[in-house]
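Undergrad: This is the structure I want to talk about, given as structure tokens.
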Amino acid sequence: MAREYARVLKELSCDFAVIGRSKETANRLAAELNIKVISGGIQKAVVCEPFKGSTVIVCTPVETLFNVSMLLMDQGVDRILIEKPGALNISEVNALREKAAVSNTLVKIGYNRRFYQSTLELVHRLANETLIAVNFEITEWSHLIEKESRSSEVKESWVLANTSHVIDLVLHVAGDISELNTFTSGSLSWHKQSARFVGAGVTKNDALISYFGYWDGPGRWSAEFVTTANRYILRPMEILQVQKKGSVEINPVENIDYDFDEKFKPGLFLQTKAFLNGDYTNFCSLEEQISSFEIYNRIANY
């Protein structure tokens, strides 16, 4: 992720440095992108580099996001963009919120799918239509995840650490959920709480909402937003498709410029640009993340 953010920051002509742990990785990234990379980790960097009043993007491994962000607030940084999910439990998100209030630090959580060009076009279209229902799938590919070299702490919280990408996008577009019934079953060696997920409810905007996910079966991430005129489909989520009322045909929505999402990691260019420009409209706040964690925990049976 540091590499992906660095590519965007270079395109935006920003003055920045990357802080990493491994000297080998740091040297490789510095040579590849011709940028300043500091090795030795954040603990060493805060001794050598001035952080007060700065803007920082925290894109460390999930299990270290919280501690690094807390340390940076102690250093007097002005703004922090933390990669999703920001922390691995509600207590930590609450601690981030309390620390941010004391240190007067602006903190946002980065969910780059909110900034997909497909998502932005979807939001634009829904502003002129009546959303009546949302269906989405949260299936993860367990056969790949179980082989990943991630900590058991992260894998055991995978709905928070990764699947929240899909749920967050749905909540962002459709609005908060006012009522939700959740069901789970099954178990995995790395995610014992649940393997299959089904649920349904209603949003505060009176749209019906339903979801499913089968981590020990086939599937993929997707979301469908149904209005009285159209069914908008994100499958894959980077591309917006539409099925018009009275037709079974599904076609790509025309005249969407996917240039930024093709040149950079999808969503990252517009997310980073918005954050640096002080446009926080589409960002997840710490208060919002606390509410969302309550939903994620119910869905996952945590």
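Here, A, B, ... name the chains of the structure tokens in the order displayed, residue numbers run from 1 inside each chain, and ligands are numbered from 1 in the same displayed order.
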Please report, as a tab-separated table (two decimals) with C-alpha atoms, in the first residue's frame, each residue of stretch 106-294 of chain A to which DSSP assigns alpha helix (DSSP H) when run on this structure's backbone.
TA:
chain	number	residue	atom	x	y	z
A	117	GLN	CA	-15.23	6.03	-10.20
A	118	SER	CA	-18.00	3.43	-10.44
A	119	THR	CA	-19.15	4.29	-6.90
A	120	LEU	CA	-19.09	8.03	-7.52
A	121	GLU	CA	-21.19	7.62	-10.66
A	122	LEU	CA	-23.60	5.35	-8.77
A	123	VAL	CA	-24.07	7.93	-6.01
A	124	HIS	CA	-24.64	10.61	-8.64
A	125	ARG	CA	-27.35	8.55	-10.34
A	126	LEU	CA	-29.08	7.53	-7.12
A	142	SER	CA	-10.94	-18.94	2.15
A	143	HIS	CA	-8.62	-21.24	0.20
A	144	LEU	CA	-6.36	-18.25	-0.49
A	145	ILE	CA	-6.69	-16.43	2.83
A	152	SER	CA	-4.07	-15.10	13.56
A	153	GLU	CA	-5.42	-11.91	15.21
A	154	VAL	CA	-6.12	-10.38	11.81
A	155	LYS	CA	-7.57	-13.55	10.28
A	156	GLU	CA	-9.88	-14.08	13.25
A	158	TRP	CA	-11.35	-10.84	8.88
A	164	SER	CA	-15.76	-4.43	5.78
A	165	HIS	CA	-14.71	-2.95	2.41
A	166	VAL	CA	-17.93	-4.23	0.85
A	167	ILE	CA	-20.21	-3.53	3.80
A	168	ASP	CA	-18.82	-0.02	4.21
A	169	LEU	CA	-19.47	0.78	0.56
A	170	VAL	CA	-23.07	-0.39	0.88
A	171	LEU	CA	-23.67	1.63	4.05
A	172	HIS	CA	-22.01	4.67	2.49
A	173	VAL	CA	-24.24	4.53	-0.59
A	174	ALA	CA	-27.51	3.26	0.90
A	259	ASP	CA	-8.82	6.67	-16.13
A	260	PHE	CA	-7.70	7.17	-12.50
A	261	ASP	CA	-8.83	3.69	-11.45
A	262	GLU	CA	-6.95	2.12	-14.36
A	263	LYS	CA	-3.74	4.07	-13.84
A	268	LEU	CA	-6.73	5.63	-4.29
A	269	PHE	CA	-6.01	8.66	-6.46
A	270	LEU	CA	-9.31	10.42	-5.78
A	271	GLN	CA	-9.26	9.42	-2.10
A	272	THR	CA	-5.76	10.81	-1.56
A	273	LYS	CA	-6.45	13.97	-3.55
A	274	ALA	CA	-9.65	14.64	-1.58
A	275	PHE	CA	-7.90	14.14	1.76
A	276	LEU	CA	-5.00	16.44	0.90
A	286	LEU	CA	-14.15	7.59	13.75
A	287	GLU	CA	-17.70	8.10	15.01
A	288	GLU	CA	-19.07	6.44	11.89
A	289	GLN	CA	-16.59	3.57	12.22
A	290	ILE	CA	-17.73	2.85	15.77
A	291	SER	CA	-21.31	2.47	14.53
A	292	SER	CA	-20.17	0.38	11.59
A	293	PHE	CA	-18.12	-1.93	13.83
A	294	GLU	CA	-21.31	-2.77	15.71
Undergrad: Could you list, as a PyMOL selection string, every residue within 10 Å of A:Thr163, counting only C-alpha atoms and ignoring same-chain residues fewer than 6 positions away?
TA: chain A and resi 85+137-140+157+221+296+300
Undergrad: Those residues you just picked out, can you put them in a file as a PDB file, in the first residue's frame with N, CA and C atoms?
TA:
ATOM      1  N   PRO A  85      -9.159  -1.161   8.581  1.00  0.00           N
ATOM      2  CA  PRO A  85     -10.322  -0.620   9.302  1.00  0.00           C
ATOM      3  C   PRO A  85      -9.953   0.375  10.400  1.00  0.00           C
ATOM      4  N   GLU A 137     -23.058  -9.289  -1.691  1.00  0.00           N
ATOM      5  CA  GLU A 137     -22.403 -10.545  -1.339  1.00  0.00           C
ATOM      6  C   GLU A 137     -21.065 -10.271  -0.696  1.00  0.00           C
ATOM      7  N   ILE A 138     -20.753 -11.011   0.376  1.00  0.00           N
ATOM      8  CA  ILE A 138     -19.502 -10.811   1.112  1.00  0.00           C
ATOM      9  C   ILE A 138     -18.660 -12.089   1.153  1.00  0.00           C
ATOM     10  N   THR A 139     -18.796 -12.932   0.118  1.00  0.00           N
ATOM     11  CA  THR A 139     -17.997 -14.154   0.084  1.00  0.00           C
ATOM     12  C   THR A 139     -16.508 -13.835  -0.044  1.00  0.00           C
ATOM     13  N   GLU A 140     -15.702 -14.449   0.810  1.00  0.00           N
ATOM     14  CA  GLU A 140     -14.249 -14.350   0.746  1.00  0.00           C
ATOM     15  C   GLU A 140     -13.691 -15.686   0.264  1.00  0.00           C
ATOM     16  N   SER A 157     -10.368 -11.755  12.778  1.00  0.00           N
ATOM     17  CA  SER A 157     -11.212 -10.554  12.666  1.00  0.00           C
ATOM     18  C   SER A 157     -11.373 -10.149  11.210  1.00  0.00           C
ATOM     19  N   TRP A 221     -17.209 -10.827  -4.210  1.00  0.00           N
ATOM     20  CA  TRP A 221     -17.792  -9.570  -3.743  1.00  0.00           C
ATOM     21  C   TRP A 221     -18.681  -8.982  -4.829  1.00  0.00           C
ATOM     22  N   TYR A 296     -20.665  -4.766  11.774  1.00  0.00           N
ATOM     23  CA  TYR A 296     -19.734  -5.813  11.348  1.00  0.00           C
ATOM     24  C   TYR A 296     -19.698  -6.959  12.361  1.00  0.00           C
ATOM     25  N   ALA A 300     -20.654 -10.857  11.598  1.00  0.00           N
ATOM     26  CA  ALA A 300     -19.607 -11.874  11.709  1.00  0.00           C
ATOM     27  C   ALA A 300     -19.792 -12.828  12.880  1.00  0.00           C
TER      28      ALA A 300
END
Undergrad: Tell me, counting only C-alpha atoms, for each residue of stretch 118-156 of chain A within 6 Å of stretch 222-241 of chain A, which pair of atoms is nearest and how far apart they are in Å to one decimal, in rows ordered by chain and increasing number, as a tab-separated table.
TA:
residue	atom	partner	partner_atom	distance
A:Ser118	CA	A:Leu240	CA	5.1
A:Thr130	CA	A:Thr227	CA	5.2
A:Leu131	CA	A:Thr227	CA	4.4
A:Ile132	CA	A:Thr227	CA	5.3
A:Ala133	CA	A:Val226	CA	5.1
A:Val134	CA	A:Phe225	CA	4.7
A:Asn135	CA	A:Glu224	CA	5.1
A:Phe136	CA	A:Ala223	CA	4.1
A:Glu137	CA	A:Ser222	CA	5.2
Undergrad: Using only C-alpha atoms, which of the listed residues (A:Ser69, A:Gln43, A:Asn94, A:Asn89) sits closest to A:Thr55?
TA: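 Counting only C-alpha atoms, the residue closest to A:Thr55 is A:Ser69.
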Undergrad: I'd like the neighbourhood of A:Gly86 as a PDB file with C-alpha atoms, in the first residue's frame, where a residue qualifies if any of its atoms comes within 7 Å (using only C-alpha atoms), though same-chain residues fewer than 6 positions away should be ignored.
TA:
ATOM      1  CA  LEU A  65      -2.611   0.633  12.493  1.00  0.00           C
ATOM      2  CA  PHE A  66      -3.911   1.530  15.949  1.00  0.00           C
ATOM      3  CA  ILE A 109     -10.469   6.037   7.863  1.00  0.00           C
TER       4      ILE A 109
END
Undergrad: So the first atom is atom CA of A:Glu92 and the second is atom CA of A:Leu160; what is the distance between them in Å, to one decimal place?
TA: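 Answer for the atom CA of A:Glu92 to atom CA of A:Leu160 separation: 12.6 Å.
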Undergrad: Got a sec to tell me which of stretch 114-160 of chain A DSSP assigns to strand (DSSP E), as a PyMOL selection string?
TA: chain A and resi 131-138
Undergrad: Would you compute the distance between atom CA of A:Val68 and atom CA of A:Trp190? Give it in Å to one decimal.
TA: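 Atom CA of A:Trp190 lies at a distance of 25.6 Å from atom CA of A:Val68.
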Undergrad: Just want the 6 Å neighbourhood of A:Gly267, counted on only C-alpha atoms, with same-chain residues fewer than 5 positions away dropped. Output as a list of chain:residue names.
TA: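 Answer for this query is A:Asn112, A:Arg113, A:Phe115, A:Tyr116, A:Asp261.
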Undergrad: Could the residues in this selection be written to a file with N, CA and C atoms, as a CSV table (one decimal), in the first residue's frame?
TA:
chain,number,residue,atom,x,y,z
A,112,ASN,N,-11.1,2.9,0.2
A,112,ASN,CA,-10.9,3.5,-1.2
A,112,ASN,C,-12.0,3.1,-2.1
A,113,ARG,N,-12.8,2.1,-1.8
A,113,ARG,CA,-13.9,1.8,-2.7
A,113,ARG,C,-15.0,2.9,-2.7
A,115,PHE,N,-14.3,5.7,-3.3
A,115,PHE,CA,-13.8,6.7,-4.3
A,115,PHE,C,-13.6,6.0,-5.6
A,116,TYR,N,-14.1,4.8,-5.8
A,116,TYR,CA,-14.1,4.2,-7.1
A,116,TYR,C,-14.9,5.1,-8.0
A,261,ASP,N,-8.8,5.0,-12.0
A,261,ASP,CA,-8.8,3.7,-11.5
A,261,ASP,C,-8.1,2.7,-12.3
Undergrad: From the set A:Trp141, A:Tyr258, A:Phe264, A:Phe283, which residue has the shortest atom-to-atom contact distance to A:Pro218, counting only C-alpha atoms?
TA: A:Trp141
Undergrad: Would you work out the distance separating atom CA of A:Met73 from atom CA of A:Pro266, expressed in Å to one decimal?
TA: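 Separating atom CA of A:Met73 from atom CA of A:Pro266 is a distance of 28.4 Å.
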Undergrad: Using only C-alpha atoms for the distances, tell me which of A:Glu148, A:Ile90, A:Lys108, A:Glu179 is nearest to A:Asn297.
TA: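 The answer is A:Ile90, which sits nearest to A:Asn297.
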